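What's in start.pdb: PDB, C-alpha atoms
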```
ATOM      1  CA  MET A   1      -2.226 -30.523 -89.133  1.00  0.00           C
ATOM      2  CA  LYS A   2      -2.787 -29.788 -85.461  1.00  0.00           C
ATOM      3  CA  LYS A   3      -0.542 -26.717 -85.807  1.00  0.00           C
ATOM      4  CA  TYR A   4      -2.688 -25.326 -88.659  1.00  0.00           C
ATOM      5  CA  LEU A   5      -5.858 -25.890 -86.665  1.00  0.00           C
ATOM      6  CA  ILE A   6      -4.445 -23.978 -83.696  1.00  0.00           C
ATOM      7  CA  ILE A   7      -3.333 -21.098 -85.937  1.00  0.00           C
ATOM      8  CA  THR A   8      -6.761 -20.978 -87.595  1.00  0.00           C
ATOM      9  CA  VAL A   9      -8.538 -20.917 -84.227  1.00  0.00           C
ATOM     10  CA  LEU A  10      -6.269 -18.140 -82.976  1.00  0.00           C
ATOM     11  CA  LEU A  11      -6.824 -16.039 -86.089  1.00  0.00           C
ATOM     12  CA  LEU A  12     -10.590 -16.482 -85.937  1.00  0.00           C
ATOM     13  CA  SER A  13     -10.770 -15.714 -82.224  1.00  0.00           C
ATOM     14  CA  SER A  14      -8.721 -12.532 -82.633  1.00  0.00           C
ATOM     15  CA  SER A  15     -11.067 -11.291 -85.352  1.00  0.00           C
ATOM     16  CA  ILE A  16     -14.072 -12.049 -83.145  1.00  0.00           C
ATOM     17  CA  PHE A  17     -12.532 -10.060 -80.265  1.00  0.00           C
ATOM     18  CA  ALA A  18     -11.758  -7.168 -82.639  1.00  0.00           C
ATOM     19  CA  GLN A  19     -15.424  -7.009 -83.666  1.00  0.00           C
ATOM     20  CA  VAL A  20     -16.551  -6.946 -80.034  1.00  0.00           C
ATOM     21  CA  GLU A  21     -14.679  -3.702 -79.483  1.00  0.00           C
ATOM     22  CA  VAL A  22     -16.340  -1.606 -82.198  1.00  0.00           C
ATOM     23  CA  VAL A  23     -18.912   0.161 -80.015  1.00  0.00           C
ATOM     24  CA  SER A  24     -16.530   0.703 -77.095  1.00  0.00           C
ATOM     25  CA  THR A  25     -13.854   2.025 -79.467  1.00  0.00           C
ATOM     26  CA  PHE A  26     -16.369   4.376 -81.063  1.00  0.00           C
ATOM     27  CA  ILE A  27     -17.525   5.611 -77.636  1.00  0.00           C
ATOM     28  CA  GLU A  28     -13.970   6.391 -76.552  1.00  0.00           C
ATOM     29  CA  LYS A  29     -13.408   8.463 -79.702  1.00  0.00           C
ATOM     30  CA  TRP A  30     -16.890  10.006 -79.438  1.00  0.00           C
ATOM     31  CA  ASP A  31     -16.174  11.237 -75.899  1.00  0.00           C
ATOM     32  CA  ASN A  32     -12.900  12.798 -77.075  1.00  0.00           C
ATOM     33  CA  SER A  33     -14.660  14.364 -80.042  1.00  0.00           C
ATOM     34  CA  LYS A  34     -17.211  15.878 -77.662  1.00  0.00           C
ATOM     35  CA  ASP A  35     -14.483  17.297 -75.418  1.00  0.00           C
ATOM     36  CA  TYR A  36     -12.667  18.788 -78.393  1.00  0.00           C
ATOM     37  CA  LEU A  37     -15.775  20.382 -79.916  1.00  0.00           C
ATOM     38  CA  ILE A  38     -16.730  21.849 -76.524  1.00  0.00           C
ATOM     39  CA  ALA A  39     -13.226  23.308 -76.202  1.00  0.00           C
ATOM     40  CA  VAL A  40     -13.546  24.830 -79.684  1.00  0.00           C
ATOM     41  CA  ALA A  41     -17.000  26.245 -78.854  1.00  0.00           C
ATOM     42  CA  GLN A  42     -15.646  27.720 -75.613  1.00  0.00           C
ATOM     43  CA  ALA A  43     -12.663  29.307 -77.367  1.00  0.00           C
ATOM     44  CA  MET A  44     -14.822  31.566 -79.544  1.00  0.00           C
ATOM     45  CA  PRO A  45     -16.015  34.673 -77.689  1.00  0.00           C
ATOM     46  CA  GLU A  46     -19.789  34.883 -77.521  1.00  0.00           C
ATOM     47  CA  ASP A  47     -19.834  38.168 -79.453  1.00  0.00           C
ATOM     48  CA  LYS A  48     -18.225  36.304 -82.412  1.00  0.00           C
ATOM     49  CA  TYR A  49     -20.733  33.441 -82.524  1.00  0.00           C
ATOM     50  CA  ASP A  50     -22.450  34.997 -85.540  1.00  0.00           C
ATOM     51  CA  TYR A  51     -19.157  35.348 -87.425  1.00  0.00           C
ATOM     52  CA  LYS A  52     -18.934  33.781 -90.872  1.00  0.00           C
ATOM     53  CA  PRO A  53     -16.049  34.202 -93.313  1.00  0.00           C
ATOM     54  CA  THR A  54     -18.308  34.708 -96.350  1.00  0.00           C
ATOM     55  CA  ALA A  55     -21.995  35.401 -96.883  1.00  0.00           C
ATOM     56  CA  GLN A  56     -22.747  31.927 -98.259  1.00  0.00           C
ATOM     57  CA  GLU A  57     -21.213  30.054 -95.307  1.00  0.00           C
ATOM     58  CA  MET A  58     -22.851  29.150 -92.018  1.00  0.00           C
ATOM     59  CA  SER A  59     -21.965  31.256 -89.015  1.00  0.00           C
ATOM     60  CA  PHE A  60     -20.041  29.760 -86.092  1.00  0.00           C
ATOM     61  CA  ARG A  61     -23.381  29.460 -84.253  1.00  0.00           C
ATOM     62  CA  GLU A  62     -25.082  27.825 -87.243  1.00  0.00           C
ATOM     63  CA  GLN A  63     -22.220  25.362 -87.645  1.00  0.00           C
ATOM     64  CA  LEU A  64     -22.578  24.295 -84.002  1.00  0.00           C
ATOM     65  CA  PHE A  65     -26.330  23.877 -84.371  1.00  0.00           C
ATOM     66  CA  HIS A  66     -25.850  21.889 -87.579  1.00  0.00           C
ATOM     67  CA  ILE A  67     -23.337  19.554 -85.906  1.00  0.00           C
ATOM     68  CA  GLN A  68     -25.567  18.792 -82.941  1.00  0.00           C
ATOM     69  CA  ASP A  69     -28.736  18.496 -85.003  1.00  0.00           C
ATOM     70  CA  ASN A  70     -27.079  16.042 -87.411  1.00  0.00           C
ATOM     71  CA  MET A  71     -25.917  13.800 -84.582  1.00  0.00           C
ATOM     72  CA  LYS A  72     -29.425  13.900 -83.099  1.00  0.00           C
ATOM     73  CA  TRP A  73     -30.922  12.931 -86.461  1.00  0.00           C
ATOM     74  CA  LEU A  74     -28.503  10.085 -87.199  1.00  0.00           C
ATOM     75  CA  SER A  75     -28.429   8.606 -83.701  1.00  0.00           C
ATOM     76  CA  THR A  76     -32.165   8.871 -83.073  1.00  0.00           C
ATOM     77  CA  THR A  77     -33.143   7.561 -86.499  1.00  0.00           C
ATOM     78  CA  HIS A  78     -30.694   4.671 -86.694  1.00  0.00           C
ATOM     79  CA  PHE A  79     -29.891   3.703 -83.094  1.00  0.00           C
ATOM     80  CA  SER A  80     -33.133   4.196 -81.194  1.00  0.00           C
ATOM     81  CA  GLU A  81     -36.833   3.503 -81.402  1.00  0.00           C
ATOM     82  CA  GLU A  82     -37.598   7.194 -80.946  1.00  0.00           C
ATOM     83  CA  LYS A  83     -38.775   9.406 -83.762  1.00  0.00           C
ATOM     84  CA  TYR A  84     -36.468  12.239 -84.740  1.00  0.00           C
ATOM     85  CA  VAL A  85     -38.153  15.636 -84.705  1.00  0.00           C
ATOM     86  CA  LYS A  86     -36.218  18.433 -86.369  1.00  0.00           C
ATOM     87  CA  LYS A  87     -36.276  21.671 -84.461  1.00  0.00           C
ATOM     88  CA  GLU A  88     -35.468  25.101 -85.747  1.00  0.00           C
ATOM     89  CA  ALA A  89     -32.183  26.657 -84.774  1.00  0.00           C
ATOM     90  CA  ALA A  90     -32.743  28.819 -81.745  1.00  0.00           C
ATOM     91  CA  LYS A  91     -30.987  32.044 -82.699  1.00  0.00           C
ATOM     92  CA  GLY A  92     -31.393  33.576 -79.267  1.00  0.00           C
ATOM     93  CA  LEU A  93     -29.469  30.954 -77.333  1.00  0.00           C
ATOM     94  CA  SER A  94     -26.473  32.082 -75.327  1.00  0.00           C
ATOM     95  CA  LYS A  95     -23.033  30.543 -75.766  1.00  0.00           C
ATOM     96  CA  ALA A  96     -23.555  28.540 -72.556  1.00  0.00           C
ATOM     97  CA  GLN A  97     -26.926  27.259 -73.769  1.00  0.00           C
ATOM     98  CA  ILE A  98     -25.474  26.242 -77.151  1.00  0.00           C
ATOM     99  CA  ILE A  99     -22.653  24.359 -75.444  1.00  0.00           C
ATOM    100  CA  GLN A 100     -25.209  22.665 -73.205  1.00  0.00           C
ATOM    101  CA  GLU A 101     -27.191  21.599 -76.325  1.00  0.00           C
ATOM    102  CA  ILE A 102     -24.039  20.163 -77.902  1.00  0.00           C
ATOM    103  CA  GLU A 103     -23.177  18.199 -74.753  1.00  0.00           C
ATOM    104  CA  ALA A 104     -26.726  16.825 -74.564  1.00  0.00           C
ATOM    105  CA  SER A 105     -26.671  15.747 -78.214  1.00  0.00           C
ATOM    106  CA  PHE A 106     -23.342  13.955 -77.803  1.00  0.00           C
ATOM    107  CA  ASP A 107     -24.585  12.254 -74.631  1.00  0.00           C
ATOM    108  CA  THR A 108     -27.880  11.178 -76.204  1.00  0.00           C
ATOM    109  CA  ALA A 109     -26.108   9.763 -79.256  1.00  0.00           C
ATOM    110  CA  LYS A 110     -23.675   7.943 -76.960  1.00  0.00           C
ATOM    111  CA  THR A 111     -26.517   6.400 -74.969  1.00  0.00           C
ATOM    112  CA  PHE A 112     -28.243   5.167 -78.120  1.00  0.00           C
ATOM    113  CA  VAL A 113     -25.040   3.724 -79.572  1.00  0.00           C
ATOM    114  CA  GLN A 114     -24.049   2.025 -76.307  1.00  0.00           C
ATOM    115  CA  LYS A 115     -27.321   0.085 -76.394  1.00  0.00           C
ATOM    116  CA  THR A 116     -26.428  -1.294 -79.826  1.00  0.00           C
ATOM    117  CA  LYS A 117     -24.903  -4.746 -79.925  1.00  0.00           C
ATOM    118  CA  ASP A 118     -21.803  -5.020 -82.090  1.00  0.00           C
ATOM    119  CA  VAL A 119     -23.411  -7.739 -84.191  1.00  0.00           C
ATOM    120  CA  LYS A 120     -26.169  -5.271 -85.163  1.00  0.00           C
ATOM    121  CA  LEU A 121     -23.635  -2.912 -86.748  1.00  0.00           C
ATOM    122  CA  SER A 122     -23.725  -4.845 -90.006  1.00  0.00           C
ATOM    123  CA  GLN A 123     -27.509  -4.362 -90.201  1.00  0.00           C
ATOM    124  CA  LYS A 124     -28.538  -2.244 -93.195  1.00  0.00           C
ATOM    125  CA  VAL A 125     -30.720   0.815 -92.644  1.00  0.00           C
ATOM    126  CA  ASP A 126     -32.528   3.048 -95.094  1.00  0.00           C
ATOM    127  CA  PHE A 127     -30.556   6.165 -95.843  1.00  0.00           C
ATOM    128  CA  PHE A 128     -31.056   8.916 -98.402  1.00  0.00           C
ATOM    129  CA  ALA A 129     -27.809   7.861-100.133  1.00  0.00           C
ATOM    130  CA  GLY A 130     -28.974   4.232-100.312  1.00  0.00           C
ATOM    131  CA  PRO A 131     -28.868   1.384 -97.793  1.00  0.00           C
ATOM    132  CA  LYS A 132     -26.016   1.737 -95.295  1.00  0.00           C
ATOM    133  CA  SER A 133     -24.867  -0.410 -92.400  1.00  0.00           C
ATOM    134  CA  LYS A 134     -25.143   0.945 -88.888  1.00  0.00           C
ATOM    135  CA  LEU A 135     -21.349   0.880 -88.797  1.00  0.00           C
ATOM    136  CA  GLN A 136     -21.322   3.234 -91.790  1.00  0.00           C
ATOM    137  CA  ILE A 137     -23.743   5.518 -89.926  1.00  0.00           C
ATOM    138  CA  LEU A 138     -21.362   5.567 -86.929  1.00  0.00           C
ATOM    139  CA  ASN A 139     -18.515   6.517 -89.238  1.00  0.00           C
ATOM    140  CA  LEU A 140     -20.674   9.206 -90.828  1.00  0.00           C
ATOM    141  CA  MET A 141     -21.596  10.646 -87.430  1.00  0.00           C
ATOM    142  CA  GLN A 142     -17.952  11.047 -86.461  1.00  0.00           C
ATOM    143  CA  ASP A 143     -16.885  12.219 -89.906  1.00  0.00           C
ATOM    144  CA  HIS A 144     -19.599  14.871 -89.961  1.00  0.00           C
ATOM    145  CA  VAL A 145     -18.530  16.267 -86.585  1.00  0.00           C
ATOM    146  CA  THR A 146     -14.899  16.321 -87.739  1.00  0.00           C
ATOM    147  CA  HIS A 147     -15.765  18.037 -91.035  1.00  0.00           C
ATOM    148  CA  HIS A 148     -17.701  20.908 -89.487  1.00  0.00           C
ATOM    149  CA  ARG A 149     -15.392  21.243 -86.492  1.00  0.00           C
ATOM    150  CA  ALA A 150     -12.517  21.727 -88.952  1.00  0.00           C
ATOM    151  CA  GLN A 151     -14.446  24.560 -90.568  1.00  0.00           C
ATOM    152  CA  ILE A 152     -14.990  26.368 -87.291  1.00  0.00           C
ATOM    153  CA  LEU A 153     -11.336  25.884 -86.355  1.00  0.00           C
ATOM    154  CA  VAL A 154     -10.628  28.049 -89.393  1.00  0.00           C
ATOM    155  CA  TYR A 155     -13.147  30.579 -88.053  1.00  0.00           C
ATOM    156  CA  LEU A 156     -11.119  30.769 -84.837  1.00  0.00           C
ATOM    157  CA  ASN A 157      -7.897  31.322 -86.778  1.00  0.00           C
ATOM    158  CA  LEU A 158      -9.490  34.004 -88.945  1.00  0.00           C
ATOM    159  CA  ASN A 159     -10.343  35.841 -85.727  1.00  0.00           C
ATOM    160  CA  GLN A 160      -6.775  35.449 -84.384  1.00  0.00           C
ATOM    161  CA  ILE A 161      -7.993  33.066 -81.683  1.00  0.00           C
ATOM    162  CA  GLN A 162      -5.673  30.217 -80.783  1.00  0.00           C
ATOM    163  CA  PRO A 163      -7.579  26.945 -81.307  1.00  0.00           C
ATOM    164  CA  PRO A 164      -7.512  24.503 -78.419  1.00  0.00           C
ATOM    165  CA  LYS A 165      -5.023  21.686 -78.450  1.00  0.00           C
ATOM    166  CA  TYR A 166      -6.289  18.683 -80.412  1.00  0.00           C
ATOM    167  CA  ILE A 167      -7.949  15.952 -78.378  1.00  0.00           C
ATOM    168  CA  GLY A 168      -7.549  12.669 -80.239  1.00  0.00           C
ATOM    169  CA  TRP A 169      -7.567   9.143 -79.025  1.00  0.00           C
TER
END
```
What does this structure look like when you write it as structure tokens?
Amino acid sequence: MKKYLIITVLLLSSSIFAQVEVVSTFIEKWDNSKDYLIAVAQAMPEDKYDYKPTAQEMSFREQLFHIQDNMKWLSTTHFSEEKYVKKEAAKGLSKAQIIQEIEASFDTAKTFVQKTKDVKLSQKVDFFAGPKSKLQILNLMQDHVTHHRAQILVYLNLNQIQPPKYIGW
């Protein structure tokens, strides 16, 4: 009986420690995602920032704006007390300014998420697709970056530009 109690305690404690690492694990991946997106944004020459494979798709520039605006929206709305204010895409920004905007959006999202206690990640929030947990919002934030970054990696290839080496974990 004592043996089963010890095993149960060990199993429960390991699951508790696993939950404690959610935010720090996300932040590690988030930082790598930032570095990779910046490398992708730097790889495209500035004169190709308005490139889009077809008329109905977003340009490279628009994709980058969409990525950073989405992370601002999700992180501000669900991980801060601030009110999200959508801003129009600034079409006249230089490549350097766009990259600076992306870095700032990643950093702001990171700051908001770091202030979130792991136990709050199961909290449900209102979302247009129905109630979602904050953990689901974190997953959506990363998934959204990955989705649109994959699209602009194709843009690089279509312009015979070698994409940067993948930055994962």
Find the residues around Ala43 (chain A) up to 10 Å (only C-alpha atoms counted), leave out those fewer than 4 positions away in its own chain, and share them as a ChimeraX atom specification.
-> /A:37-39,153,156,161-164
Which of these residues is nearest to Ile167 (chain A), using only C-alpha atoms: A:Thr108, A:Asn32, A:Gln97, A:Thr25?
->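 Using only C-alpha atoms, the shortest distance to Ile167 (chain A) belongs to A:Asn32.
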Picked residues, the PyMOL selection byres ((chain A and resi 80) around 12), as a PDB file with C-alpha atoms, in the coordinates of the input:
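Wrote it out as expr24.pdb, contents follow:
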```pdb
ATOM      1  CA  LYS A  72     -29.425  13.900 -83.099  1.00  0.00           C
ATOM      2  CA  TRP A  73     -30.922  12.931 -86.461  1.00  0.00           C
ATOM      3  CA  LEU A  74     -28.503  10.085 -87.199  1.00  0.00           C
ATOM      4  CA  SER A  75     -28.429   8.606 -83.701  1.00  0.00           C
ATOM      5  CA  THR A  76     -32.165   8.871 -83.073  1.00  0.00           C
ATOM      6  CA  THR A  77     -33.143   7.561 -86.499  1.00  0.00           C
ATOM      7  CA  HIS A  78     -30.694   4.671 -86.694  1.00  0.00           C
ATOM      8  CA  PHE A  79     -29.891   3.703 -83.094  1.00  0.00           C
ATOM      9  CA  GLU A  81     -36.833   3.503 -81.402  1.00  0.00           C
ATOM     10  CA  GLU A  82     -37.598   7.194 -80.946  1.00  0.00           C
ATOM     11  CA  LYS A  83     -38.775   9.406 -83.762  1.00  0.00           C
ATOM     12  CA  TYR A  84     -36.468  12.239 -84.740  1.00  0.00           C
ATOM     13  CA  THR A 108     -27.880  11.178 -76.204  1.00  0.00           C
ATOM     14  CA  ALA A 109     -26.108   9.763 -79.256  1.00  0.00           C
ATOM     15  CA  LYS A 110     -23.675   7.943 -76.960  1.00  0.00           C
ATOM     16  CA  THR A 111     -26.517   6.400 -74.969  1.00  0.00           C
ATOM     17  CA  PHE A 112     -28.243   5.167 -78.120  1.00  0.00           C
ATOM     18  CA  VAL A 113     -25.040   3.724 -79.572  1.00  0.00           C
ATOM     19  CA  GLN A 114     -24.049   2.025 -76.307  1.00  0.00           C
ATOM     20  CA  LYS A 115     -27.321   0.085 -76.394  1.00  0.00           C
ATOM     21  CA  THR A 116     -26.428  -1.294 -79.826  1.00  0.00           C
ATOM     22  CA  LYS A 134     -25.143   0.945 -88.888  1.00  0.00           C
TER      23      LYS A 134
END
```
Applied to the shown file, which residues does the PyMOL selection byres ((chain A and resi 50) around 8) return, written as an MDAnalysis selection string?
-> chainID A and resid 47:49 51:52 59:62
Give me the residues within 9 Å of region 66-70 of chain A as JSON, numbers by chain, counting all atoms listed in the file and dropping any in the same chain fewer than 2 places off.
-> {"A": [61, 62, 63, 64, 72, 73, 74, 75, 86, 87, 89, 101, 102, 103, 104, 105, 106, 141, 144, 145, 148, 149]}
Between CA of Gln123 (chain A) and CA of Leu140 (chain A), what is the distance, to one decimal in Å?
->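 Separation between CA of Gln123 (chain A) and CA of Leu140 (chain A): 15.2 Å.
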Region 71-75 of chain A, all listed atoms, 3 Å padding on each side: what axis-aligned box centre and edge lengths in Å to one decimal come out, as lines of an AutoDock Vina configuration file?
```
center_x = -28.4
center_y = 11.3
center_z = -85.1
size_x = 11.0
size_y = 11.3
size_z = 10.1
```
So how far away is CA of Phe26 (chain A) from CA of Ser122 (chain A), in Å?
-> 14.8 Å
What is the distance, in Å and to one decimal place, between CA of Leu121 (chain A) and CA of Trp30 (chain A)?
->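 So the answer is 16.3 Å.
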For region 141-160 of chain A, supply N, CA and C atoms and report the output as a tab-separated table (two decimals), in the frame of the given file.
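What landed in out.tsv:
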```
chain	number	residue	atom	x	y	z
A	141	MET	N	-21.39	9.75	-88.57
A	141	MET	CA	-21.60	10.65	-87.43
A	141	MET	C	-20.28	11.31	-87.03
A	142	GLN	N	-19.24	10.50	-86.88
A	142	GLN	CA	-17.95	11.05	-86.46
A	142	GLN	C	-17.35	11.92	-87.55
A	143	ASP	N	-17.45	11.47	-88.79
A	143	ASP	CA	-16.89	12.22	-89.91
A	143	ASP	C	-17.56	13.58	-90.04
A	144	HIS	N	-18.85	13.62	-89.84
A	144	HIS	CA	-19.60	14.87	-89.96
A	144	HIS	C	-19.16	15.87	-88.89
A	145	VAL	N	-19.01	15.39	-87.66
A	145	VAL	CA	-18.53	16.27	-86.58
A	145	VAL	C	-17.16	16.81	-86.95
A	146	THR	N	-16.27	15.93	-87.39
A	146	THR	CA	-14.90	16.32	-87.74
A	146	THR	C	-14.90	17.35	-88.86
A	147	HIS	N	-15.69	17.13	-89.88
A	147	HIS	CA	-15.76	18.04	-91.04
A	147	HIS	C	-16.15	19.46	-90.61
A	148	HIS	N	-17.23	19.56	-89.86
A	148	HIS	CA	-17.70	20.91	-89.49
A	148	HIS	C	-16.85	21.54	-88.38
A	149	ARG	N	-16.31	20.71	-87.51
A	149	ARG	CA	-15.39	21.24	-86.49
A	149	ARG	C	-14.16	21.84	-87.17
A	150	ALA	N	-13.67	21.20	-88.21
A	150	ALA	CA	-12.52	21.73	-88.95
A	150	ALA	C	-12.84	23.09	-89.55
A	151	GLN	N	-14.06	23.26	-90.02
A	151	GLN	CA	-14.45	24.56	-90.57
A	151	GLN	C	-14.42	25.64	-89.49
A	152	ILE	N	-14.95	25.32	-88.32
A	152	ILE	CA	-14.99	26.37	-87.29
A	152	ILE	C	-13.62	26.60	-86.64
A	153	LEU	N	-12.72	25.63	-86.77
A	153	LEU	CA	-11.34	25.88	-86.36
A	153	LEU	C	-10.73	26.98	-87.23
A	154	VAL	N	-11.08	26.98	-88.49
A	154	VAL	CA	-10.63	28.05	-89.39
A	154	VAL	C	-11.24	29.38	-88.95
A	155	TYR	N	-12.50	29.36	-88.54
A	155	TYR	CA	-13.15	30.58	-88.05
A	155	TYR	C	-12.37	31.16	-86.88
A	156	LEU	N	-11.92	30.29	-85.97
A	156	LEU	CA	-11.12	30.77	-84.84
A	156	LEU	C	-9.84	31.44	-85.35
A	157	ASN	N	-9.14	30.77	-86.24
A	157	ASN	CA	-7.90	31.32	-86.78
A	157	ASN	C	-8.11	32.65	-87.50
A	158	LEU	N	-9.20	32.76	-88.24
A	158	LEU	CA	-9.49	34.00	-88.94
A	158	LEU	C	-9.76	35.16	-87.99
A	159	ASN	N	-10.11	34.83	-86.76
A	159	ASN	CA	-10.34	35.84	-85.73
A	159	ASN	C	-9.16	35.96	-84.77
A	160	GLN	N	-8.00	35.43	-85.18
A	160	GLN	CA	-6.78	35.45	-84.38
A	160	GLN	C	-6.98	34.85	-82.99
```
